[in-house]
Structures are given as structure tokens and as C-alpha cells.
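Worksheet: the structure to be examined is printed underneath.
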Amino acid sequence: MAPVVIVGSGLAGYTVARELRKLDPSVPLTMVSRDEGSFYSKPMLSNALASAKSAAQIPTASAEQMAAQLKARIVAGIEVQTIDTAARMLHAGGEDIRYSKLVLALGADPIAVPLRGDAAHELMQVNDLAAYARFRAAIQGKKAVALLGAGLIGCEFANDLVGAGYEVQVIDPGQQPLGRLLPEAAAEQVRLALQASGVQWHLGTTARAVSRVASGLRVDLADGTALYADAVLSAIGLRPRLQLARNAGLKTNRGIVTDRLLHTSAADVYALGDCAEVDGQTLPYVLPIMRAARALAKTLSGTRTAVVYPAMPVVVKTPAVPVVVCPPPDLPGAWTLQREAGGIEARFEDESGKLLGYALVGEATARKQALTKLVPPVLG
Ligand SMILES: Cc1cc2nc3c(=O)[nH]c(=O)nc-3n(C[C@H](O)[C@H](O)[C@H](O)COP(=O)(O)OP(=O)(O)OC[C@H]3O[C@@H](n4cnc5c(N)ncnc54)[C@H](O)[C@@H]3O)c2cc1C
């Protein structure tokens with residue numbers, strides 16, 4: 001019998017494999033990954049300095065250890081080039097691998113930043129362990145980092161780097177950090193708290209060019225400012241990896257399109273994680289991946305199971321200013337704010353006063369669980 005094949009050894013790929021093994025100890029399982037296949041928690045990458053972990057200390061198991069744990073064949077360091085859905089076969093590194101069922105857990109690519117300057121190619125992006133190891137090597141013994149993007153990952157890196165003694169300058173076209181997640185007053189509290197920790201903001205502008213100078217790198221901004229840094233890290237966002245699926249004729253939109261069974265448009269091909277658009281939702285976070293992986297493992301082992309997404313709060317790992325967000329859906333509504341000593345509670349409610357989402361800053365984050373219970377499920 002051809003194996004179940006999982007492409008990708010990130011959180012999505014490994015969580016499906018683990019859940020499947022719990023339900024079916026004997027089904028043949030093959031995993032193919034273009035990275036080294038170690039298991040690690042990606043969210044740790046943006047707070048590893050605070051936890052005093054080097055890049056090498058982040059993985060908790062090697063590909064070989066995972067293969068033994070999962071009783072799986074793990075083909076690491078090999079990219080899947082094509083999928084032939086009619087022949088139920090994929091082609092990877094000169095080998096044709098047959099599948100009975102195929103799971104795509106391909107992740108997402110950092111969005112490229114169009115920059116001029118003779119050092120534009122030195123811009124760093126961190127979306128996996130290998131890139132993080134390169135970033136850590138680049139800042140070792142250095143003191144200044146410029147960061148493009150004041151979203152969730154940009155703010156987390158900024159907090160981690162200032163905490164470790166780096167000078168950090170953050171550039172973002174928005175007027176506030178976390179501008180897409182938080183209402184203005186809450187975002188302002190985050191801006192002030194990170195500023196008090198040492199983060200320098202360049203908001204309402206963008207980086208135009210990165211050039212090499214005697215002292216390191218010079219970053220020219222659209223507003224005419226020039227900054228100097230030892231490394232420039234971009235954290236402006238991710239885009240689901242679609243090319244492999246598109247070339248195989250699978251339906252794609254913002255992500256690889258699936259129904260609530262995580263089933264794509266091709267027979268016996270499934271997708272989850274950062275690459276997937278599940279019933280219209282692209283949710284590049286850990287909690288939705290866990291939910292999707294558990295449901296998919298049941299389906300793969302013979303019990304068709306639709307994924308259910310309850311309201312899933314996102315914790316922003318900025319110790320200088322605790323933040324929890326339960327992002328509201330794209331529905332009509334308005335934010336109402338309650339300021340209190342040490343925090344802000346912002347509720348996003350519809351016309352009838354029904355809570356659709358929330359944002360908590362500072363001590364108000366203690367109300368995460370109570371409020372989450374009131375928010376309707378994302379996919380019920
Ligand atoms: C710095 C950082 C901090 C984060 N913090 C949080 C947080 O605090 N909370 C939270 O909920 N979320 C957080 N996230 C998001 C979360 O980590 C991701 O949603 C999750 O890890 C994505 O897992 P994935 O398996 O879908 O993708 P990935 O981990 O990107 O895995 C994709 C896999 O596919 C493989 N692959 C791709 N193409 C091919 C190919 N053609 N052939 C073979 N293999 C291929 C890759 O090698 C890789 O193994 C953070 C993300 C980052 C970058």
C-alpha cells in the first residue's frame with residue numbers, strides 16, 4: 001500500500017503526523033521536507049534572546065529522532081518539485097514517491113521588499129530556523145538592528161532585541177505598531193511601552209534603500225531620514241506558498257483552497273497550516289494549525305471530520321507590554337474602549353452589542369479567557 005505522504009516538516013506537518021500516529025499506529029507514513037526536518041517551535045524564534053537560547057538550542061528533536069518517534073520515513077533536505085495527482089505521485093530530488101493520501105503543509109514565504117542600494121541583498125528575513133541561525137550570526141557582537149515592519153512579528157523581535165541590549169529602530173508605513181490588529185488607543189500604549197524599553201520608531205514612512213558604509217549599513221527612508229545599523233531585518237508579512245499546488249492544478253486563492261475537511265480540489269490531497277485557505281480563512285497561527293491537524297488526522301484514519309475553529313486569541317510576545325488579541329471577523333461593528341490603570345480593554349461589537357473580537361493590553365490581558373468564551377467561533 002502506498003504511504004500517506006506529508007510535504008513539510010513545520011508545525012502543521014509534524015502535528016498531523018503525530019495525531020495520525022496516535023490514531024493509526026501502522027499506516028505507512030512518509031514525510032518530505034526541503035529543510036533539515038528538525039522539530040522546533042517557530043514562535044520561539046522571536047523571543048529566543050530573552051530565553052537565552054542559541055539557534056542550535058531551539059530544536060527539540062532531529063529528523064532522525066522524529067522518524068523513530070513517528071515510525072515514519074523522513075526525507076529531509078529535498079524539495080518536492082511536482083505533484084501528479086492523476087498518478088498519485090510526487091517527484092522529489094530524483095525520486096518518484098507514490099501516495100495513497102497527500103497532505104500539503106508547505107508554509108508561507110516572507111514577502112519580498114523592493115529596495116534599492118548596493119546592500120539590498122543583505123536584508124534578512126526570519127521564517128525558519130536556518131534563517132534565524134543566519135540572523136543570530138549576523139548580529140553576534142554587533143549593536144544596532146533596523147527592523148522593517150511593526151506588525152506582530154516585528155514588535156516581538158523589537159522587544160526581544162532591545163531586551164538583549166541592541167539598539168532597535170523600527171520602520172513601518174502605518175502610524176501605529178500592530179495597526180492591523182489593534183484600535184488606535186491600544187496600539188499607542190504598545191508604542192509607548194516599547195519606546196520606554198528603548199525601541200525607536202520611524203512610523204508613517206518606508207525604507208527605500210540599504211547601502212554598505214564603513215560603519216555597517218545605511219538605511220534611507222522615504223521621509224529623507226538616514227539610519228545606521230549592523231543588520232536589517234524585514235518582518236513585513238508572509239504569503240502562502242502556492243506554486244507547487246498551482247502547478248499541480250489545485251485550486252488556489254489567497255491560500256491552497258480547502259473545504260472544512262481540509263480537502264483540496266484534487267482527490268485525496270489535503271492542505272493545512274500557513275499555506276492553506278480553509279473554508280475562506282487563512283489563519284497563520286499555532287492554534288488553528290492544532291485544530292486543523294487533529295481533524296485531518298481523524299479524516300486520514302477513516303473518520304471524516306470537519307475542522308471547527310473556536311474563537312482563538314493570539315498572544316503577542318512583548319513582555320514590555322502584554323497584548324492579547326482575538327481579531328474580529330470582517331463584519332460591521334465598532335471598537336469601544338475601556339482604559340484602566342495598567343491597561344486597556346477594547347471590545348469590537350456589532351450593532352446589537354454582540355462581542356465579535358477584542359484586544360487587551362497590559363493588566364487587562366488577565367481577562368483573556370473570560371472574554372474568549374463570549375466571542376463566537378470562527379468556523380462553528
Ligand atoms: C518569528 C515568528 C513568531 C511567531 N510567533 C507566533 C506566536 O507567538 N503564536 C502563533 O500562534 N503563531 C506564531 N507564528 C506563526 C506560526 O509559527 C506559524 O503559523 C506556523 O509555525 C506555521 O507552520 P507551518 O507548518 O504551516 O509552516 P512552516 O513552519 O513554514 O513549514 C513549512 C514546511 O514546508 C516545507 N516545504 C515548503 N515547500 C516545500 C517543497 N516544495 N518541498 C518540500 N518541503 C517543502 C518547509 O521546508 C517546511 O518544513 C510565528 C511565526 C514566526 C515566523
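Starting from 1 in every chain, residues are counted up; chains themselves are A, B, ... following the order of the C-alpha cells, and ligands are numbered from 1 as listed.
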
Could you list, as a JSON list (two decimals) with all heavy atoms, in the first residue's frame, all the residues within 6 Å of ligand 1, counting only C-alpha atoms and all ligand atoms?
```
[["chain", "number", "residue", "atom", "x", "y", "z"],
["A", 7, "VAL", "N", 3.99, 16.64, 2.96],
["A", 7, "VAL", "CA", 5.07, 17.50, 2.47],
["A", 7, "VAL", "C", 5.17, 18.70, 3.42],
["A", 7, "VAL", "O", 4.22, 19.46, 3.56],
["A", 7, "VAL", "CB", 4.82, 17.98, 1.03],
["A", 7, "VAL", "CG1", 6.04, 18.78, 0.53],
["A", 7, "VAL", "CG2", 4.55, 16.81, 0.11],
["A", 8, "GLY", "N", 6.32, 18.82, 4.08],
["A", 8, "GLY", "CA", 6.52, 19.92, 5.04],
["A", 8, "GLY", "C", 6.73, 19.37, 6.44],
["A", 8, "GLY", "O", 5.98, 18.50, 6.90],
["A", 9, "SER", "N", 7.77, 19.86, 7.12],
["A", 9, "SER", "CA", 8.07, 19.38, 8.47],
["A", 9, "SER", "C", 8.00, 20.51, 9.47],
["A", 9, "SER", "O", 8.73, 20.55, 10.45],
["A", 9, "SER", "CB", 9.46, 18.74, 8.49],
["A", 9, "SER", "OG", 10.43, 19.72, 8.16],
["A", 10, "GLY", "N", 7.10, 21.47, 9.21],
["A", 10, "GLY", "CA", 6.84, 22.53, 10.20],
["A", 10, "GLY", "C", 5.82, 22.03, 11.21],
["A", 10, "GLY", "O", 5.54, 20.83, 11.30],
["A", 11, "LEU", "N", 5.27, 22.98, 11.95],
["A", 11, "LEU", "CA", 4.30, 22.62, 12.98],
["A", 11, "LEU", "C", 3.10, 21.88, 12.38],
["A", 11, "LEU", "O", 2.59, 20.92, 12.97],
["A", 11, "LEU", "CB", 3.82, 23.92, 13.62],
["A", 11, "LEU", "CG", 3.21, 23.79, 14.97],
["A", 11, "LEU", "CD1", 4.28, 23.42, 15.98],
["A", 11, "LEU", "CD2", 2.56, 25.10, 15.34],
["A", 12, "ALA", "N", 2.66, 22.30, 11.19],
["A", 12, "ALA", "CA", 1.48, 21.68, 10.57],
["A", 12, "ALA", "C", 1.80, 20.24, 10.18],
["A", 12, "ALA", "O", 1.06, 19.31, 10.53],
["A", 12, "ALA", "CB", 1.05, 22.50, 9.36],
["A", 13, "GLY", "N", 2.91, 20.03, 9.47],
["A", 13, "GLY", "CA", 3.26, 18.68, 9.01],
["A", 13, "GLY", "C", 3.46, 17.73, 10.18],
["A", 13, "GLY", "O", 2.89, 16.63, 10.23],
["A", 32, "VAL", "N", 8.26, 14.49, 3.50],
["A", 32, "VAL", "CA", 9.31, 15.07, 2.65],
["A", 32, "VAL", "C", 9.41, 16.55, 3.01],
["A", 32, "VAL", "O", 8.39, 17.24, 3.08],
["A", 32, "VAL", "CB", 8.95, 14.96, 1.14],
["A", 32, "VAL", "CG1", 10.13, 15.40, 0.28],
["A", 32, "VAL", "CG2", 8.53, 13.55, 0.78],
["A", 33, "SER", "N", 10.64, 17.00, 3.25],
["A", 33, "SER", "CA", 10.80, 18.41, 3.62],
["A", 33, "SER", "C", 12.06, 18.97, 3.00],
["A", 33, "SER", "O", 13.09, 18.31, 2.96],
["A", 33, "SER", "CB", 10.90, 18.54, 5.15],
["A", 33, "SER", "OG", 11.10, 19.89, 5.47],
["A", 34, "ARG", "N", 11.95, 20.21, 2.53],
["A", 34, "ARG", "CA", 13.16, 20.78, 1.93],
["A", 34, "ARG", "C", 14.11, 21.34, 2.99],
["A", 34, "ARG", "O", 15.24, 21.67, 2.69],
["A", 34, "ARG", "CB", 12.80, 21.82, 0.89],
["A", 34, "ARG", "CG", 12.26, 23.09, 1.42],
["A", 34, "ARG", "CD", 11.97, 24.01, 0.27],
["A", 34, "ARG", "NE", 11.49, 25.28, 0.75],
["A", 34, "ARG", "CZ", 10.90, 26.17, -0.02],
["A", 34, "ARG", "NH1", 10.74, 25.94, -1.30],
["A", 34, "ARG", "NH2", 10.50, 27.31, 0.49],
["A", 35, "ASP", "N", 13.64, 21.46, 4.24],
["A", 35, "ASP", "CA", 14.59, 21.86, 5.28],
["A", 35, "ASP", "C", 15.15, 20.63, 5.99],
["A", 35, "ASP", "O", 14.90, 19.50, 5.57],
["A", 35, "ASP", "CB", 14.02, 22.91, 6.23],
["A", 35, "ASP", "CG", 12.79, 22.41, 6.97],
["A", 35, "ASP", "OD1", 12.77, 21.22, 7.32],
["A", 35, "ASP", "OD2", 11.86, 23.20, 7.20],
["A", 42, "LYS", "N", 8.33, 27.31, 16.09],
["A", 42, "LYS", "CA", 8.68, 28.54, 15.37],
["A", 42, "LYS", "C", 8.42, 29.81, 16.20],
["A", 42, "LYS", "O", 9.21, 30.76, 16.13],
["A", 42, "LYS", "CB", 7.93, 28.60, 14.04],
["A", 42, "LYS", "CG", 8.49, 29.66, 13.13],
["A", 42, "LYS", "CD", 7.70, 29.83, 11.87],
["A", 42, "LYS", "CE", 7.98, 28.75, 10.87],
["A", 42, "LYS", "NZ", 7.43, 29.11, 9.54],
["A", 43, "PRO", "N", 7.33, 29.88, 16.99],
["A", 43, "PRO", "CA", 7.14, 31.10, 17.79],
["A", 43, "PRO", "C", 8.31, 31.44, 18.69],
["A", 43, "PRO", "O", 8.51, 32.60, 19.06],
["A", 43, "PRO", "CB", 5.88, 30.78, 18.61],
["A", 43, "PRO", "CG", 5.10, 29.85, 17.73],
["A", 43, "PRO", "CD", 6.15, 28.99, 17.05],
["A", 45, "LEU", "N", 11.28, 31.69, 17.85],
["A", 45, "LEU", "CA", 12.32, 32.45, 17.14],
["A", 45, "LEU", "C", 12.28, 33.94, 17.50],
["A", 45, "LEU", "O", 13.31, 34.60, 17.48],
["A", 45, "LEU", "CB", 12.17, 32.29, 15.62],
["A", 45, "LEU", "CG", 12.25, 30.86, 15.07],
["A", 45, "LEU", "CD1", 12.14, 30.86, 13.56],
["A", 45, "LEU", "CD2", 13.55, 30.17, 15.51],
["A", 46, "SER", "N", 11.08, 34.45, 17.83],
["A", 46, "SER", "CA", 11.02, 35.88, 18.13],
["A", 46, "SER", "C", 11.14, 36.18, 19.62],
["A", 46, "SER", "O", 10.95, 37.33, 20.03],
["A", 46, "SER", "CB", 9.75, 36.51, 17.54],
["A", 46, "SER", "OG", 8.62, 35.74, 17.89],
["A", 79, "GLU", "N", 13.46, 19.00, -1.94],
["A", 79, "GLU", "CA", 12.28, 19.77, -2.32],
["A", 79, "GLU", "C", 11.38, 18.95, -3.23],
["A", 79, "GLU", "O", 11.87, 18.28, -4.15],
["A", 79, "GLU", "CB", 12.74, 21.04, -3.04],
["A", 79, "GLU", "CG", 11.60, 21.90, -3.47],
["A", 79, "GLU", "CD", 12.02, 23.31, -3.82],
["A", 79, "GLU", "OE1", 13.08, 23.76, -3.34],
["A", 79, "GLU", "OE2", 11.29, 23.95, -4.59],
["A", 80, "VAL", "N", 10.08, 19.00, -2.98],
["A", 80, "VAL", "CA", 9.14, 18.38, -3.91],
["A", 80, "VAL", "C", 8.99, 19.33, -5.10],
["A", 80, "VAL", "O", 8.64, 20.49, -4.93],
["A", 80, "VAL", "CB", 7.76, 18.13, -3.25],
["A", 80, "VAL", "CG1", 6.75, 17.64, -4.27],
["A", 80, "VAL", "CG2", 7.91, 17.13, -2.11],
["A", 81, "GLN", "N", 9.27, 18.81, -6.29],
["A", 81, "GLN", "CA", 9.21, 19.69, -7.46],
["A", 81, "GLN", "C", 7.86, 19.66, -8.15],
["A", 81, "GLN", "O", 7.37, 20.68, -8.60],
["A", 81, "GLN", "CB", 10.30, 19.31, -8.48],
["A", 81, "GLN", "CG", 11.67, 19.83, -8.13],
["A", 81, "GLN", "CD", 12.63, 18.70, -7.80],
["A", 81, "GLN", "OE1", 12.39, 17.55, -8.14],
["A", 81, "GLN", "NE2", 13.71, 19.03, -7.12],
["A", 105, "ALA", "N", 1.67, 20.71, 3.66],
["A", 105, "ALA", "CA", 1.87, 21.59, 4.83],
["A", 105, "ALA", "C", 3.10, 22.44, 4.51],
["A", 105, "ALA", "O", 4.14, 22.35, 5.15],
["A", 105, "ALA", "CB", 2.07, 20.74, 6.08],
["A", 106, "LEU", "N", 2.95, 23.27, 3.47],
["A", 106, "LEU", "CA", 4.10, 23.92, 2.81],
["A", 106, "LEU", "C", 4.51, 25.24, 3.42],
["A", 106, "LEU", "O", 5.55, 25.81, 3.07],
["A", 106, "LEU", "CB", 3.77, 24.16, 1.33],
["A", 106, "LEU", "CG", 3.37, 22.92, 0.52],
["A", 106, "LEU", "CD1", 2.79, 23.33, -0.82],
["A", 106, "LEU", "CD2", 4.59, 22.03, 0.33],
["A", 107, "GLY", "N", 3.65, 25.81, 4.30],
["A", 107, "GLY", "CA", 4.03, 27.07, 4.95],
["A", 107, "GLY", "C", 3.87, 28.27, 4.02],
["A", 107, "GLY", "O", 3.12, 28.24, 3.04],
["A", 108, "ALA", "N", 4.59, 29.33, 4.35],
["A", 108, "ALA", "CA", 4.46, 30.60, 3.63],
["A", 108, "ALA", "C", 5.84, 31.21, 3.43],
["A", 108, "ALA", "O", 6.79, 30.88, 4.15],
["A", 108, "ALA", "CB", 3.57, 31.55, 4.44],
["A", 127, "ASN", "N", 11.86, 33.26, 8.82],
["A", 127, "ASN", "CA", 10.63, 32.46, 8.87],
["A", 127, "ASN", "C", 10.94, 30.98, 9.07],
["A", 127, "ASN", "O", 10.07, 30.14, 8.93],
["A", 127, "ASN", "CB", 9.80, 32.67, 7.59],
["A", 127, "ASN", "CG", 8.47, 31.96, 7.67],
["A", 127, "ASN", "OD1", 7.86, 31.91, 8.74],
["A", 127, "ASN", "ND2", 8.03, 31.37, 6.58],
["A", 153, "ILE", "N", 5.08, 40.14, 14.41],
["A", 153, "ILE", "CA", 6.42, 39.56, 14.48],
["A", 153, "ILE", "C", 7.49, 40.65, 14.61],
["A", 153, "ILE", "O", 8.46, 40.51, 15.35],
["A", 153, "ILE", "CB", 6.64, 38.62, 13.28],
["A", 153, "ILE", "CG1", 5.73, 37.39, 13.49],
["A", 153, "ILE", "CG2", 8.09, 38.19, 13.13],
["A", 153, "ILE", "CD1", 5.61, 36.47, 12.34],
["A", 273, "GLY", "N", -2.29, 24.57, 7.62],
["A", 273, "GLY", "CA", -1.20, 25.44, 8.07],
["A", 273, "GLY", "C", -1.13, 26.73, 7.27],
["A", 273, "GLY", "O", -2.10, 27.14, 6.63],
["A", 274, "ASP", "N", 0.03, 27.37, 7.30],
["A", 274, "ASP", "CA", 0.19, 28.69, 6.69],
["A", 274, "ASP", "C", -0.09, 28.71, 5.19],
["A", 274, "ASP", "O", -0.35, 29.76, 4.62],
["A", 274, "ASP", "CB", 1.62, 29.22, 6.92],
["A", 274, "ASP", "CG", 1.83, 29.74, 8.34],
["A", 274, "ASP", "OD1", 0.94, 29.53, 9.19],
["A", 274, "ASP", "OD2", 2.89, 30.34, 8.60],
["A", 284, "PRO", "N", -2.61, 32.16, 9.93],
["A", 284, "PRO", "CA", -1.24, 31.65, 10.10],
["A", 284, "PRO", "C", -0.79, 31.67, 11.56],
["A", 284, "PRO", "O", 0.15, 32.37, 11.93],
["A", 284, "PRO", "CB", -0.41, 32.61, 9.24],
["A", 284, "PRO", "CG", -1.17, 33.89, 9.30],
["A", 284, "PRO", "CD", -2.62, 33.55, 9.47],
["A", 285, "TYR", "N", -1.47, 30.90, 12.39],
["A", 285, "TYR", "CA", -1.17, 30.85, 13.82],
["A", 285, "TYR", "C", -1.20, 29.41, 14.31],
["A", 285, "TYR", "O", -1.79, 28.54, 13.68],
["A", 285, "TYR", "CB", -2.19, 31.66, 14.62],
["A", 285, "TYR", "CG", -2.27, 33.11, 14.22],
["A", 285, "TYR", "CD1", -3.39, 33.61, 13.57],
["A", 285, "TYR", "CD2", -1.21, 33.97, 14.48],
["A", 285, "TYR", "CE1", -3.46, 34.94, 13.19],
["A", 285, "TYR", "CE2", -1.28, 35.30, 14.11],
["A", 285, "TYR", "CZ", -2.40, 35.79, 13.47],
["A", 285, "TYR", "OH", -2.46, 37.10, 13.09],
["A", 286, "VAL", "N", -0.61, 29.22, 15.49],
["A", 286, "VAL", "CA", -0.47, 27.87, 16.04],
["A", 286, "VAL", "C", -1.82, 27.21, 16.37],
["A", 286, "VAL", "O", -2.04, 26.05, 16.02],
["A", 286, "VAL", "CB", 0.41, 27.93, 17.32],
["A", 286, "VAL", "CG1", 0.43, 26.60, 18.03],
["A", 286, "VAL", "CG2", 1.83, 28.37, 16.96],
["A", 287, "LEU", "N", -2.71, 27.94, 17.04],
["A", 287, "LEU", "CA", -3.96, 27.28, 17.50],
["A", 287, "LEU", "C", -4.79, 26.74, 16.33],
["A", 287, "LEU", "O", -5.25, 25.58, 16.41],
["A", 287, "LEU", "CB", -4.79, 28.22, 18.38],
["A", 287, "LEU", "CG", -4.22, 28.50, 19.78],
["A", 287, "LEU", "CD1", -5.15, 29.42, 20.56],
["A", 287, "LEU", "CD2", -4.01, 27.20, 20.55],
["A", 314, "VAL", "N", -4.75, 35.46, 20.04],
["A", 314, "VAL", "CA", -3.33, 35.47, 19.70],
["A", 314, "VAL", "C", -2.60, 36.27, 20.77],
["A", 314, "VAL", "O", -2.95, 37.42, 21.04],
["A", 314, "VAL", "CB", -3.11, 36.14, 18.31],
["A", 314, "VAL", "CG1", -1.63, 36.17, 17.97],
["A", 314, "VAL", "CG2", -3.90, 35.42, 17.23]]
```

(message) Would you pick out the contacts of stretch 206-211 of chain A at 12 Å or less, using only C-alpha atoms, so that residues sharing its chain but fewer than 6 positions from it are not included, and give the list as an MDAnalysis selection string?
(response) chainID A and resid 113:124 146:150 169:175 217:234 236

File dump, residues just selected, C-alpha atoms, as a tab-separated table (two decimals), in the first residue's frame:
```tsv
chain	number	residue	atom	x	y	z
A	113	VAL	CA	10.73	44.12	-0.04
A	114	PRO	CA	11.61	46.14	-3.15
A	115	LEU	CA	14.73	48.07	-2.04
A	116	ARG	CA	17.46	49.93	-3.84
A	117	GLY	CA	21.09	50.21	-2.73
A	118	ASP	CA	24.21	48.07	-3.00
A	119	ALA	CA	23.34	46.16	0.20
A	120	ALA	CA	19.65	45.48	-0.55
A	121	HIS	CA	20.55	41.77	-0.85
A	122	GLU	CA	21.77	41.81	2.79
A	123	LEU	CA	18.21	42.31	4.07
A	124	MET	CA	17.36	39.41	6.40
A	146	ALA	CA	16.88	48.14	11.86
A	147	LEU	CA	13.56	46.34	11.60
A	148	LEU	CA	11.10	46.73	8.74
A	149	GLY	CA	7.51	46.13	9.87
A	150	ALA	CA	5.72	46.91	13.13
A	169	GLN	CA	14.85	51.15	15.07
A	170	VAL	CA	11.51	50.06	13.64
A	171	ILE	CA	10.20	51.39	10.33
A	172	ASP	CA	6.57	50.99	9.27
A	173	PRO	CA	4.29	52.85	6.84
A	174	GLY	CA	1.43	52.78	9.37
A	175	GLN	CA	1.05	55.41	12.08
A	217	LEU	CA	24.61	49.50	6.79
A	218	ARG	CA	22.80	52.72	5.97
A	219	VAL	CA	19.01	52.61	5.53
A	220	ASP	CA	17.46	55.50	3.60
A	221	LEU	CA	13.83	56.19	4.40
A	222	ALA	CA	11.19	57.76	2.14
A	223	ASP	CA	10.92	60.74	4.52
A	224	GLY	CA	14.60	61.62	3.95
A	225	THR	CA	15.94	60.15	7.22
A	226	ALA	CA	19.09	58.01	7.10
A	227	LEU	CA	19.56	55.30	9.75
A	228	TYR	CA	22.66	53.27	10.53
A	229	ALA	CA	22.57	49.63	11.66
A	230	ASP	CA	24.63	46.44	11.65
A	231	ALA	CA	21.77	44.31	10.30
A	232	VAL	CA	18.38	44.96	8.70
A	233	LEU	CA	15.58	42.50	9.43
A	234	SER	CA	12.36	42.52	7.44
A	236	ILE	CA	6.57	42.75	6.78
```

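Minimum atom-to-atom distances from A:Ala193, A:Met290, A:Ala87, A:Ala311 to A:Gly343 were compared using only C-alpha atoms, and the lowest value belongs to A:Ala193.
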
Contact table stretch 93-164 of chain A vs stretch 176-189 of chain A, cut-off 8 Å, shortest pair per residue, only C-alpha atoms, as JSON lines:
```
{"residue": "A:Ala150", "atom": "CA", "partner": "A:Pro177", "partner_atom": "CA", "distance": 4.8}
{"residue": "A:Gly151", "atom": "CA", "partner": "A:Leu178", "partner_atom": "CA", "distance": 4.6}
{"residue": "A:Leu152", "atom": "CA", "partner": "A:Leu178", "partner_atom": "CA", "distance": 6.1}
{"residue": "A:Cys155", "atom": "CA", "partner": "A:Pro177", "partner_atom": "CA", "distance": 7.3}
```

Any chance you can output those residues with N, CA and C atoms as a PDB file, in the first residue's frame?
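Wrote selection-v6.pdb, looks like this:
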```pdb
ATOM      1  N   ALA A 150       6.100  46.792  11.723  1.00  0.00           N
ATOM      2  CA  ALA A 150       5.716  46.906  13.135  1.00  0.00           C
ATOM      3  C   ALA A 150       4.469  46.077  13.417  1.00  0.00           C
ATOM      4  N   GLY A 151       4.352  44.958  12.700  1.00  0.00           N
ATOM      5  CA  GLY A 151       3.252  44.027  12.989  1.00  0.00           C
ATOM      6  C   GLY A 151       3.645  43.132  14.147  1.00  0.00           C
ATOM      7  N   LEU A 152       2.909  42.027  14.282  1.00  0.00           N
ATOM      8  CA  LEU A 152       3.106  41.141  15.429  1.00  0.00           C
ATOM      9  C   LEU A 152       4.561  40.648  15.523  1.00  0.00           C
ATOM     10  N   CYS A 155       7.117  43.559  16.162  1.00  0.00           N
ATOM     11  CA  CYS A 155       7.103  44.041  17.559  1.00  0.00           C
ATOM     12  C   CYS A 155       7.766  43.021  18.487  1.00  0.00           C
TER      13      CYS A 155
END
```

(message) One decimal, in Å: what's the spacing between atom CA of A:Met31 and atom CA of A:Asp268?
(response)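 Spanning atom CA of A:Met31 to atom CA of A:Asp268 is a straight-line distance of 16.0 Å.
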
(message) From the options A:Gly37, A:Gly302, A:Pro328, A:Gly163, which residue's atoms come nearest to A:Met66, counting only C-alpha atoms?
(response)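 Comparing A:Gly37, A:Gly302, A:Pro328, A:Gly163 against A:Met66, the winner is A:Gly37.
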
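Distances here use only C-alpha atoms; by that measure, the residue among A:Gln125, A:Arg18, A:Asp24, A:Val5 closest to A:Arg294 is A:Arg18.
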
(request) Would you mind telling me which residue in A:Ala267, A:Leu242, A:Leu374, A:Met312 lies nearest to A:Arg88 when using only C-alpha atoms? (result)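 Among the listed residues, A:Ala267 lies closest to A:Arg88.
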
(message) What's the separation between atom CA of A:Gly216 and atom CA of A:Pro319, in Å to one decimal place?
(response)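 Going from atom CA of A:Gly216 over to atom CA of A:Pro319 covers 29.4 Å.
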